[in-house]
Each structure stands twice: as structure tokens, then as C-alpha cells.
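> What follows is entry-v7.txt, made up of compact mmCIF, C-alpha atoms:
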# COMPACT_ATOMS: atom_id res chain seq x y z
CA MET A 298 -37.06 -22.07 -0.30
CA ARG A 299 -34.28 -20.64 -2.44
CA ASN A 300 -34.77 -17.38 -4.26
CA SER A 301 -34.11 -17.72 -7.98
CA VAL A 302 -31.82 -15.22 -9.66
CA THR A 303 -32.16 -14.31 -13.31
CA PHE A 304 -28.85 -13.60 -14.96
CA SER A 305 -27.74 -12.69 -18.47
CA VAL A 306 -24.75 -11.30 -20.34
CA MET A 307 -25.11 -9.39 -23.60
CA PHE A 308 -22.57 -7.68 -25.84
CA LEU A 309 -23.64 -4.36 -27.29
CA PRO A 310 -21.93 -2.11 -29.83
CA ARG A 311 -22.25 1.64 -29.37
CA PHE A 312 -22.81 2.75 -32.94
CA GLU A 313 -23.44 6.35 -31.84
CA LYS A 314 -19.76 6.48 -30.79
CA GLU A 315 -18.50 5.27 -34.15
CA SER A 316 -15.31 6.90 -35.38
CA LYS A 317 -13.47 6.19 -38.62
CA GLY A 318 -15.60 3.13 -39.28
CA LYS A 319 -14.91 1.64 -35.83
CA SER A 320 -17.40 1.22 -32.97
CA PRO A 321 -16.67 0.44 -29.30
CA LEU A 322 -17.89 -2.75 -27.65
CA TYR A 323 -19.77 -2.80 -24.35
CA VAL A 324 -21.08 -5.62 -22.19
CA ARG A 325 -24.35 -5.52 -20.25
CA ILE A 326 -24.85 -7.64 -17.15
CA THR A 327 -28.43 -8.16 -15.98
CA THR A 328 -29.59 -9.76 -12.72
CA ASN A 329 -33.23 -9.77 -11.61
CA GLY A 330 -34.07 -7.02 -14.07
CA LYS A 331 -31.29 -4.68 -12.93
CA ARG A 332 -28.51 -3.78 -15.35
CA THR A 333 -25.02 -2.38 -15.56
CA LEU A 334 -23.21 -1.49 -18.77
CA PHE A 335 -19.45 -1.01 -19.12
CA SER A 336 -16.87 -0.72 -21.86
CA LEU A 337 -14.68 -3.64 -22.91
CA LYS A 338 -12.15 -1.16 -24.32
CA ARG A 339 -12.27 -2.85 -27.70
CA LYS A 340 -13.29 -1.46 -31.10
CA PHE A 341 -14.35 -3.31 -34.24
CA THR A 342 -15.20 -2.57 -37.86
CA THR A 343 -18.82 -1.46 -37.64
CA THR A 344 -20.00 -3.25 -40.79
CA LEU A 345 -18.89 -6.65 -39.43
CA TRP A 346 -21.37 -6.74 -36.55
CA ASP A 347 -23.95 -9.55 -36.61
CA GLU A 348 -26.95 -8.35 -34.59
CA THR A 349 -28.43 -11.85 -34.28
CA LYS A 350 -25.32 -13.58 -32.93
CA SER A 351 -23.85 -10.55 -31.10
CA ARG A 352 -20.55 -11.39 -32.73
CA LEU A 353 -18.56 -10.31 -35.79
CA LYS A 354 -19.43 -12.06 -39.02
CA GLY A 355 -16.98 -13.46 -41.53
CA SER A 356 -13.63 -15.24 -41.20
CA SER A 357 -11.24 -12.29 -41.15
CA ILE A 358 -8.45 -12.08 -38.59
CA GLU A 359 -10.29 -9.24 -36.87
CA ALA A 360 -13.50 -11.27 -36.63
CA PHE A 361 -11.62 -14.29 -35.27
CA GLN A 362 -9.76 -12.29 -32.60
CA ILE A 363 -12.74 -10.22 -31.45
CA ASN A 364 -15.07 -13.23 -31.32
CA LYS A 365 -12.52 -15.25 -29.37
CA TYR A 366 -12.15 -12.37 -26.92
CA LEU A 367 -15.93 -12.05 -26.47
CA ASP A 368 -16.24 -15.79 -25.86
CA GLN A 369 -13.65 -15.54 -23.09
CA VAL A 370 -15.34 -12.50 -21.52
CA TYR A 371 -18.64 -14.39 -21.53
CA VAL A 372 -17.04 -17.37 -19.78
CA ASP A 373 -15.26 -15.18 -17.21
CA ILE A 374 -18.37 -13.16 -16.32
CA ASN A 375 -20.39 -16.35 -15.88
CA GLU A 376 -17.62 -17.77 -13.71
CA ALA A 377 -17.69 -14.62 -11.56
CA TYR A 378 -21.45 -15.05 -11.17
CA ARG A 379 -21.10 -18.73 -10.17
CA GLU A 380 -18.39 -17.85 -7.61
CA LEU A 381 -20.67 -15.31 -5.94
CA LEU A 382 -23.50 -17.84 -5.85
CA LYS A 383 -21.24 -20.47 -4.30
CA GLU A 384 -20.00 -17.99 -1.69
CA LYS A 385 -23.61 -16.94 -0.98
CA LYS A 386 -22.73 -13.32 -1.70
CA LEU A 387 -25.20 -10.65 -2.74
CA ILE A 388 -25.87 -10.96 -6.46
CA THR A 389 -26.21 -7.66 -8.30
CA PRO A 390 -24.97 -6.46 -11.68
CA LEU A 391 -22.34 -4.37 -9.87
CA SER A 392 -21.14 -7.24 -7.66
CA VAL A 393 -20.73 -9.52 -10.70
CA LYS A 394 -18.91 -6.74 -12.55
CA ALA A 395 -16.63 -6.12 -9.55
CA ARG A 396 -15.76 -9.82 -9.28
CA TYR A 397 -15.10 -10.05 -13.03
CA LEU A 398 -12.83 -6.97 -12.97
CA GLY A 399 -11.09 -8.10 -9.78
CA GLU A 400 -12.30 -5.06 -7.86
CA ASP A 401 -14.14 -6.75 -5.00
CA ASP A 402 -12.61 -7.49 -1.60
CA ILE A 403 -11.56 -11.01 -2.54
CA ASN A 404 -9.21 -9.58 -5.14
CA LYS A 405 -7.56 -6.79 -3.14
CA THR A 406 -3.88 -6.22 -3.89
CA LEU A 407 -0.88 -5.52 -1.71
CA LEU A 408 -0.51 -1.94 -2.91
CA GLN A 409 -4.23 -1.32 -2.41
CA LEU A 410 -3.77 -2.52 1.17
CA SER A 411 -0.79 -0.20 1.64
CA ALA A 412 -2.73 2.77 0.24
CA TYR A 413 -5.71 1.98 2.49
CA HIS A 414 -3.44 1.80 5.54
CA ASN A 415 -1.57 5.02 4.79
CA LEU A 416 -4.77 6.94 4.12
CA ASN A 417 -6.52 5.78 7.29
CA MET A 418 -3.46 6.11 9.54
CA LYS A 419 -2.58 9.60 8.31
CA SER A 420 -4.21 11.21 11.33
CA VAL A 421 -3.01 8.54 13.76
CA LEU A 422 0.69 7.96 13.07
CA LYS A 423 3.39 10.56 13.51
CA HIS A 424 4.87 11.97 10.31
CA GLY A 425 8.11 10.02 10.73
CA ALA A 426 6.34 6.70 11.29
CA LEU A 427 4.05 7.20 8.30
CA LYS A 428 7.03 8.22 6.18
CA ASN A 429 8.64 4.86 6.99
CA TYR A 430 5.57 3.03 5.65
CA PHE A 431 5.89 4.92 2.37
CA THR A 432 9.56 3.86 2.21
CA THR A 433 8.57 0.22 2.74
CA GLU A 434 5.95 0.60 0.00
CA THR A 435 8.65 1.91 -2.35
CA TYR A 436 10.79 -1.18 -1.71
CA ILE A 437 7.77 -3.44 -2.28
CA LYS A 438 7.15 -1.77 -5.65
CA ARG A 439 10.82 -2.21 -6.64
CA PHE A 440 10.77 -5.83 -5.53
CA LEU A 441 7.68 -6.56 -7.62
CA GLN A 442 9.13 -4.81 -10.66
CA ILE A 443 12.61 -6.35 -10.47
CA GLU A 444 11.91 -9.83 -9.10
CA ARG A 445 8.35 -10.51 -10.28
CA ASN A 446 8.09 -8.29 -13.36
CA ALA A 447 4.79 -7.03 -11.97
CA GLU A 448 3.26 -3.73 -10.87
CA ASP A 449 1.23 -5.27 -8.03
CA ILE A 450 0.19 -8.63 -6.55
CA TYR A 451 -3.10 -10.02 -5.24
CA LEU A 452 -3.11 -10.56 -1.47
CA GLU A 453 -4.26 -14.16 -1.93
CA TYR A 454 -0.95 -14.93 -3.68
CA LEU A 455 1.19 -13.86 -0.71
CA ASN A 456 2.84 -16.72 1.14
CA TYR A 457 5.95 -17.67 3.11
CA ALA A 458 8.04 -17.79 -0.08
CA PHE A 459 7.05 -14.20 -0.91
CA ILE A 460 8.26 -13.04 2.52
CA ILE A 461 11.59 -14.85 2.14
CA ASP A 462 12.10 -13.51 -1.38
CA PHE A 463 11.34 -9.96 -0.23
CA GLU A 464 13.78 -10.33 2.68
CA ASN A 465 16.53 -11.53 0.34
CA PHE A 466 15.78 -8.66 -2.04
CA LEU A 467 16.18 -6.14 0.77
CA ARG A 468 19.50 -7.66 1.79
CA ARG A 469 20.85 -8.13 -1.72
CA ASN A 470 19.38 -5.56 -4.09
CA VAL A 471 18.71 -2.48 -2.00
CA ALA A 472 22.44 -1.74 -1.91
CA GLN A 473 22.24 -1.19 -5.66
CA LEU A 474 19.36 1.26 -5.25
CA GLN A 475 20.79 3.52 -2.55
CA SER A 476 24.11 4.70 -1.17
CA ARG A 477 24.54 1.93 1.39
CA PRO A 478 23.00 -1.48 2.15
CA LEU A 479 20.39 -2.00 4.84
CA THR A 480 21.47 -3.42 8.17
CA ASN A 481 19.80 -6.57 9.49
CA ASN A 482 17.59 -4.48 11.76
CA GLY A 483 16.76 -2.17 8.86
CA VAL A 484 15.56 -5.19 6.85
CA MET A 485 13.56 -6.44 9.84
CA LYS A 486 11.88 -3.04 10.25
CA HIS A 487 10.58 -3.17 6.66
CA LEU A 488 9.36 -6.74 7.20
CA GLU A 489 7.77 -5.70 10.48
CA ARG A 490 5.79 -2.99 8.69
CA LEU A 491 4.75 -5.49 5.99
CA LYS A 492 3.61 -7.84 8.76
CA LYS A 493 1.49 -5.07 10.30
CA LEU A 494 -0.08 -4.38 6.90
CA LEU A 495 -1.02 -8.04 6.51
CA ASN A 496 -2.40 -8.17 10.06
CA LEU A 497 -4.65 -5.31 9.00
CA ALA A 498 -5.71 -7.33 5.94
CA LEU A 499 -6.60 -10.24 8.24
CA ARG A 500 -8.76 -7.99 10.43
CA LEU A 501 -10.46 -6.57 7.34
CA GLU A 502 -11.03 -10.17 6.13
CA TRP A 503 -9.21 -9.41 2.90
CA ILE A 504 -7.12 -12.56 3.44
CA GLU A 505 -7.88 -15.80 5.27
CA ARG A 506 -4.37 -16.81 6.34
CA ASP A 507 -1.29 -15.04 7.64
CA PRO A 508 1.72 -15.24 5.25
CA PHE A 509 3.94 -14.45 8.27
CA ALA A 510 2.64 -17.41 10.31
CA LYS A 511 5.89 -19.37 9.90
CA PHE A 512 8.25 -16.39 9.73
CA SER A 513 10.09 -14.94 12.73
CA LEU A 514 11.47 -11.42 12.80
CA LYS A 515 15.05 -11.56 14.07
CA PHE A 516 16.40 -8.28 15.40
CA ILE A 517 20.02 -8.07 16.52
CA LYS A 518 20.44 -6.34 19.86
CA THR A 519 22.79 -3.40 19.45
CA GLU A 520 24.98 -1.84 22.10
CA ARG A 521 24.55 1.87 22.64
CA TYR A 522 27.66 3.81 23.54
CA PHE A 523 27.69 7.07 25.46
CA LEU A 524 29.90 10.06 24.85
CA THR A 525 32.65 10.58 27.39
CA GLN A 526 33.09 13.90 29.14
CA LEU A 527 36.23 14.47 27.07
CA GLU A 528 34.29 13.95 23.83
CA ILE A 529 31.59 16.36 24.98
CA GLU A 530 34.22 18.98 25.83
CA LYS A 531 35.71 18.63 22.34
CA ILE A 532 32.31 19.28 20.82
CA LEU A 533 31.83 22.27 23.13
CA LYS A 534 35.07 23.77 21.83
CA PHE A 535 33.99 23.34 18.22
CA HIS A 536 33.38 26.66 16.49
CA SER A 537 32.44 27.41 12.90
CA GLU A 538 32.03 30.54 10.85
CA ARG A 539 28.68 29.10 9.83
CA ASN A 540 26.12 30.05 12.45
CA HIS A 541 23.80 27.13 11.70
CA LEU A 542 26.58 24.67 12.61
CA ASN A 543 27.15 26.44 15.91
CA ARG A 544 23.40 26.31 16.56
CA THR A 545 23.39 22.58 15.78
CA ARG A 546 26.28 22.13 18.25
CA ASP A 547 24.34 23.94 20.98
CA ILE A 548 21.18 21.90 20.38
CA PHE A 549 23.17 18.66 20.44
CA ILE A 550 24.94 19.51 23.71
CA PHE A 551 21.64 20.62 25.23
CA SER A 552 20.12 17.27 24.21
CA CYS A 553 23.02 15.40 25.80
CA TYR A 554 22.51 17.06 29.17
CA ILE A 555 18.72 16.82 29.43
CA GLY A 556 18.21 13.53 27.57
CA LEU A 557 15.78 14.70 24.91
CA SER A 558 15.95 13.62 21.28
CA TYR A 559 16.73 16.10 18.52
CA ILE A 560 13.11 16.35 17.40
CA ASP A 561 11.92 16.94 20.98
CA VAL A 562 14.40 19.79 21.41
CA LYS A 563 13.43 21.18 18.02
CA ASN A 564 9.79 21.26 19.13
CA LEU A 565 10.52 23.31 22.26
CA LYS A 566 8.94 26.75 22.46
CA LYS A 567 9.10 29.57 24.99
CA ALA A 568 5.70 28.40 26.22
CA ASN A 569 7.33 25.17 27.45
CA ILE A 570 9.15 27.11 30.19
CA GLY A 571 7.22 27.58 33.42
CA LYS A 572 7.72 28.08 37.14
CA GLY A 573 7.96 25.01 39.31
CA ILE A 574 6.75 24.68 42.90
CA ASP A 575 10.31 25.47 43.96
CA GLY A 576 10.08 28.84 42.26
CA ASN A 577 12.66 27.93 39.60
CA ASP A 578 12.21 27.76 35.83
CA TRP A 579 11.33 24.31 34.50
CA ILE A 580 10.89 22.91 31.00
CA TYR A 581 7.59 21.07 30.53
CA THR A 582 7.16 19.06 27.34
CA SER A 583 6.28 15.62 25.95
CA ARG A 584 8.27 13.21 23.83
CA GLN A 585 7.03 13.12 20.25
CA LYS A 586 7.58 9.39 19.82
CA THR A 587 5.81 8.20 22.99
CA ASP A 588 3.76 11.26 24.00
CA GLN A 589 5.25 10.81 27.49
CA THR A 590 5.21 13.98 29.61
CA VAL A 591 8.64 15.04 30.90
CA LYS A 592 10.03 18.01 32.82
CA PHE A 593 13.51 19.39 33.44
CA GLN A 594 14.87 22.16 35.60
CA SER A 595 16.33 24.81 33.31
Can you present the structure in this file as C-alpha cells?


Amino acid sequence: MRNSVTFSVMFLPRFEKESKGKSPLYVRITTNGKRTLFSLKRKFTTTLWDETKSRLKGSSIEAFQINKYLDQVYVDINEAYRELLKEKKLITPLSVKARYLGEDDINKTLLQLSAYHNLNMKSVLKHGALKNYFTTETYIKRFLQIERNAEDIYLEYLNYAFIIDFENFLRRNVAQLQSRPLTNNGVMKHLERLKKLLNLALRLEWIERDPFAKFSLKFIKTERYFLTQLEIEKILKFHSERNHLNRTRDIFIFSCYIGLSYIDVKNLKKANIGKGIDGNDWIYTSRQKTDQTVKFQS
């Protein structure tokens, strides 16, 4: 046996908020005796309101435009209600309102997804990794503004073409927005982060299909070159009247000999030095990127 749901939509003016002869319009959604009331962000000439028809009376331009708008709102709210019924979702005044306003899960946007990710990963990702996600978000915003003339996009509209267009934007337009163009691997890193965001959306059931399903990330393997002993000696001989440059030189050379990254050396404290079982001083630390424990004889 199916439970029946009572549903109604009513437009209500708020005469108590009248200002300069204009009153704001509100809409009330009622389901099973429960109500929610919210503003339509429209005002009308108070004297034109027809209480019986819940519309503006007369044939003025204002009456025509407001009545046409209210007719469309009525249709859209009813459509939102029918969608929820069809999807067998919980029917409440707030759920119908959320569907009408595009605020329920089915209408999540790409930037909402990015904000959700960054907020929830704030305590998980390292500062540098999280910073990269914000950079990717910045490029997404620029892409939407320049290529799509939009501030955001619904997740359901993302597809293979969107990924390709964003890739081409990164290769073509980013050079105009910063001092130098992105490398291929730089482009792939931004796409990789976008892919991770959309994988999160899949797990959250905000989307039903993966826009990256037919897209392959293509990184170019790069050769890493090592400094020769002669090059290291040249750096060792470098001296500047600026003490901070000399300190940078020392940190760099130290990094070369023990194999730690700059940030790992920067994080070293006196407490990282301890006695080893051989009685000598050792450096005990962990790599920031991998959290791997390492030790070196000092």
C-alpha cells in the first residue's frame, strides 16, 4: 500500500515588509501538513496583488512579467516534487525546496566538490599537497570563466569533452596567465588532481559515471641529472656578502651529501641529533613527503 503525500504551492506577499509601495514575494511549500517559506527575491507594487488568484491583477508590463515568473516557479517546484517521487526520495518541504533551488546532492557543482575535498583533507594532506589542490581549483575557475563564461558547473554536466577542453586550456591559455607555460607533466598533475576529486564524487554518489573513464593521463618520464664533484666544489667556493645566501649554500650542500630534500633539512632541529649504538652522533628524522624514517651519521 502506497502512502499518499499531500502537496501544495502557494505564493504569499509579505505586506508587513512593504517599502515605498513595494512588497516582497514569498513561496510556501506544504507537504503532509508541514511547511517551509522562502523568498523569491522579487518585489511588486502592493496595490496590484489579487488575493483570490495569488497573482497580480491588470495588464501592465509589471503584472505580465511577475505573473509569468510565478507561473514558471510553480511549474519548476512541481517538477522538483515529481522528480523526488520518481526517485523514491524522502518528500518534505525542505527536500522539495532543495531540489528546486539546486541545493540537493543531485545538483552538486564542481567547485562545491573542490571545497568539500579541501575542507575535509585539511588535516590529512600536507600543506604543500593541499596548496596544489587550491592551485588546480584556481585554474578550473579561470577555465570556466574564460571558456564557458560560467562561475561554476554542475557535476552531472562533466564529460570526456570537458576533460579534453580543460587539458587544452592548461596547455594553451595558462601561459597567458603566468610567467611561463606548464610542462606536459604539470598539465597532467592538474588533471590527476581533478580525477581524484571526481573519484571522491563517485564514492559520495554525487555522480553516477566517471568523466575520466576514457581519458588516460600521460606523464613523460624525465631524466634526473646529478651534480658532478666539480660542480659541487664550485658551489662550495661561492661566497656572498649576504649571509642568507651563504646559509642557503650550506643547506644545499648538506642536502647533497645526506640526500634529504630542502624541506626535510629545514625541519631539522637539535632534538633530531642523538647517539647511535656506535657511540657517534646520528641524525634521526622522517621525510615530510612520505613520513619514512631515516637516519644519518653526522

> Between A:Thr590, A:Phe308, A:Ile358, A:Lys319, single out the one closest to A:Tyr371, counting all atoms listed in the file.

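Of A:Thr590, A:Phe308, A:Ile358, A:Lys319, the one nearest A:Tyr371 is A:Phe308, counting all atoms listed in the file.
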
> How close does stretch 347-439 of chain A get to stretch 491-499 of chain A? List, as a Markdown table, each residue of stretch 347-439 of chain A within 12 Å, its nearest atom pair and the distance in Å to one decimal, counting all atoms listed in the file.


| residue | atom | partner | partner_atom | distance |
| --- | --- | --- | --- | --- |
| A:Asp402 | CA | A:Ala498 | CA | 10.2 |
| A:Ile403 | CA | A:Ala498 | CA | 10.9 |
| A:Asn404 | CA | A:Ala498 | CA | 11.8 |
| A:Lys405 | CA | A:Ala498 | CA | 9.3 |
| A:Thr406 | CA | A:Ala498 | CA | 10.1 |
| A:Leu407 | CA | A:Leu495 | CA | 8.6 |
| A:Leu408 | CA | A:Leu494 | CA | 10.1 |
| A:Gln409 | CA | A:Ala498 | CA | 10.4 |
| A:Leu410 | CA | A:Ala498 | CA | 7.0 |
| A:Ser411 | CA | A:Leu494 | CA | 6.8 |
| A:Ala412 | CA | A:Leu494 | CA | 10.1 |
| A:Tyr413 | CA | A:Leu494 | CA | 9.6 |
| A:His414 | CA | A:Leu494 | CA | 7.2 |
| A:Asn415 | CA | A:Leu494 | CA | 9.7 |
| A:Asn417 | CA | A:Leu497 | CA | 11.4 |
| A:Met418 | CA | A:Leu494 | CA | 11.3 |
| A:Asn429 | CA | A:Leu491 | CA | 11.1 |
| A:Tyr430 | CA | A:Leu491 | CA | 8.6 |
| A:Phe431 | CA | A:Leu491 | CA | 11.1 |
| A:Thr432 | CA | A:Leu491 | CA | 11.2 |
| A:Thr433 | CA | A:Leu491 | CA | 7.6 |
| A:Glu434 | CA | A:Leu491 | CA | 8.6 |
| A:Thr435 | CA | A:Leu491 | CA | 11.8 |
| A:Tyr436 | CA | A:Leu491 | CA | 10.7 |
| A:Ile437 | CA | A:Leu491 | CA | 9.0 |

> Any chance you can output those residues with C-alpha atoms as a compact mmCIF listing (two decimals), in the coordinates of the input?


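So the final result, stored in part-v2.txt, reads:
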# COMPACT_ATOMS: atom_id res chain seq x y z
CA ASP A 402 -12.61 -7.49 -1.60
CA ILE A 403 -11.56 -11.01 -2.54
CA ASN A 404 -9.21 -9.58 -5.14
CA LYS A 405 -7.56 -6.79 -3.14
CA THR A 406 -3.88 -6.22 -3.89
CA LEU A 407 -0.88 -5.52 -1.71
CA LEU A 408 -0.51 -1.94 -2.91
CA GLN A 409 -4.23 -1.32 -2.41
CA LEU A 410 -3.77 -2.52 1.17
CA SER A 411 -0.79 -0.20 1.64
CA ALA A 412 -2.73 2.77 0.24
CA TYR A 413 -5.71 1.98 2.49
CA HIS A 414 -3.44 1.80 5.54
CA ASN A 415 -1.57 5.02 4.79
CA ASN A 417 -6.52 5.78 7.29
CA MET A 418 -3.46 6.11 9.54
CA ASN A 429 8.64 4.86 6.99
CA TYR A 430 5.57 3.03 5.65
CA PHE A 431 5.89 4.92 2.37
CA THR A 432 9.56 3.86 2.21
CA THR A 433 8.57 0.22 2.74
CA GLU A 434 5.95 0.60 0.00
CA THR A 435 8.65 1.91 -2.35
CA TYR A 436 10.79 -1.18 -1.71
CA ILE A 437 7.77 -3.44 -2.28

> Excluding stretch 568-575 of chain A and its own-chain neighbours fewer than 5 positions away, which residues fall within 9 Å of it when counting all atoms listed in the file? Please give them as a list in words.

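These residues fall inside the cut-off: Ile580, Tyr581, Thr582, Gln594 and Ser595 of chain A.
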
> Those residues with C-alpha atoms, as an mmCIF file, in the coordinates of the input please?


data_model
loop_
_atom_site.group_PDB
_atom_site.id
_atom_site.type_symbol
_atom_site.label_atom_id
_atom_site.label_comp_id
_atom_site.auth_asym_id
_atom_site.auth_seq_id
_atom_site.Cartn_x
_atom_site.Cartn_y
_atom_site.Cartn_z
ATOM 1 C CA ILE A 580 10.890 22.910 31.000
ATOM 2 C CA TYR A 581 7.590 21.070 30.530
ATOM 3 C CA THR A 582 7.160 19.060 27.340
ATOM 4 C CA GLN A 594 14.870 22.160 35.600
ATOM 5 C CA SER A 595 16.330 24.810 33.310
#

> So what do you get for atom CA of A:Leu398 versus atom CA of A:Ala377, distance-wise?

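Value for the atom CA of A:Leu398-atom CA of A:Ala377 distance: 9.2 Å.
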
> Smallest atom-to-atom distance to A:Leu455: which of A:Leu416, A:Ile443, A:Ile504, A:Leu422, using only C-alpha atoms?

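Of all the options, A:Ile504 lies closest to A:Leu455.
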
> Quick one: of A:Leu353, A:Val562, A:Leu501, A:Cys553, who's nearest to A:Ile532, counting all atoms listed in the file?

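Looking at the shortest contact to A:Ile532, the residue is A:Cys553.
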
> Do you know which residues are at most 10 Å from A:Arg339 counting all atoms listed in the file, after dropping those on the same chain fewer than 2 positions away, and could you put them as a ChimeraX atom specification?

/A:310,319-323,336-337,341,363,366-367

> Within 12 Å of (23.9, 23.5, 22.2) (file coordinates; all atoms listed in the file), which protein or nucleic acid residues are there? I'd like them as a ChimeraX atom specification.

/A:529-530,532-536,540-555,559,562-563

> Determine the nearest neighbour of A:Ser513 from the options A:Tyr457, A:Phe304, A:Tyr451, A:Phe312, counting all atoms listed in the file.

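Closest candidate: A:Tyr457.
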
> Give me, please, the distance in Å between atom CA of A:Arg521 and atom CA of A:His487, quoted to one decimal.

21.8 Å

> Measure the distance from atom CA of A:Thr480 to atom CA of A:Thr525 in Å and round it to one decimal.

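About the pair atom CA of A:Thr480 and atom CA of A:Thr525: they are 26.3 Å apart.
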
> Mind checking which residues fall within 8 Å of A:Asp561, counting all atoms listed in the file, ignoring those fewer than 6 positions away in the same chain, and posting them as a PyMOL selection string?

chain A and resi 583-585

> The selected residues should be written to file as a PDB file, keeping the file's coordinate frame (atoms: C-alpha atoms).


ATOM      1  CA  SER A 583       6.280  15.620  25.950  1.00  0.00           C
ATOM      2  CA  ARG A 584       8.270  13.210  23.830  1.00  0.00           C
ATOM      3  CA  GLN A 585       7.030  13.120  20.250  1.00  0.00           C
TER       4      GLN A 585
END

> May I ask which of the residues A:Leu391, A:Leu488, A:Leu467, A:Leu334 is the closest one to A:Phe509, counting only C-alpha atoms?

A:Leu488

> For a quick check of understanding, using all atoms listed in the file, which of A:Trp346, A:Phe593, A:Phe335, A:Phe440 has the smallest distance to A:Tyr397?

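Smallest separation from A:Tyr397 among the options: A:Phe335.
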
> Write a file for stretch 342-356 of chain A, containing N, CA and C atoms (output as a compact mmCIF listing (two decimals), in the first residue's frame).


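Output below, filename decode10.txt:
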# COMPACT_ATOMS: atom_id res chain seq x y z
N THR A 342 4.33 45.95 -6.97
CA THR A 342 3.51 47.06 -6.48
C THR A 342 2.37 46.49 -5.64
N THR A 343 2.35 46.85 -4.38
CA THR A 343 1.44 46.24 -3.41
C THR A 343 -0.02 46.27 -3.85
N THR A 344 -0.44 47.36 -4.42
CA THR A 344 -1.87 47.52 -4.78
C THR A 344 -2.31 46.62 -5.93
N LEU A 345 -1.37 45.98 -6.62
CA LEU A 345 -1.73 45.13 -7.75
C LEU A 345 -2.03 43.69 -7.35
N TRP A 346 -1.82 43.34 -6.09
CA TRP A 346 -2.00 41.94 -5.70
C TRP A 346 -3.47 41.52 -5.67
N ASP A 347 -3.74 40.36 -6.31
CA ASP A 347 -5.07 39.76 -6.32
C ASP A 347 -5.06 38.58 -5.36
N GLU A 348 -5.70 38.75 -4.21
CA GLU A 348 -5.67 37.74 -3.15
C GLU A 348 -6.28 36.42 -3.61
N THR A 349 -7.32 36.50 -4.45
CA THR A 349 -8.02 35.30 -4.89
C THR A 349 -7.17 34.45 -5.82
N LYS A 350 -6.51 35.10 -6.77
CA LYS A 350 -5.73 34.38 -7.78
C LYS A 350 -4.25 34.20 -7.39
N SER A 351 -3.83 34.88 -6.33
CA SER A 351 -2.41 34.86 -5.93
C SER A 351 -1.52 35.28 -7.09
N ARG A 352 -1.98 36.28 -7.80
CA ARG A 352 -1.23 36.84 -8.92
C ARG A 352 -1.47 38.36 -8.92
N LEU A 353 -0.77 39.06 -9.82
CA LEU A 353 -1.00 40.50 -9.96
C LEU A 353 -2.17 40.71 -10.93
N LYS A 354 -2.99 41.67 -10.63
CA LYS A 354 -4.13 41.97 -11.50
C LYS A 354 -3.76 43.06 -12.50
N GLY A 355 -4.53 43.10 -13.58
CA GLY A 355 -4.28 44.11 -14.60
C GLY A 355 -3.42 43.58 -15.73
N SER A 356 -3.15 44.47 -16.71
CA SER A 356 -2.39 44.07 -17.90
C SER A 356 -1.13 44.91 -18.08
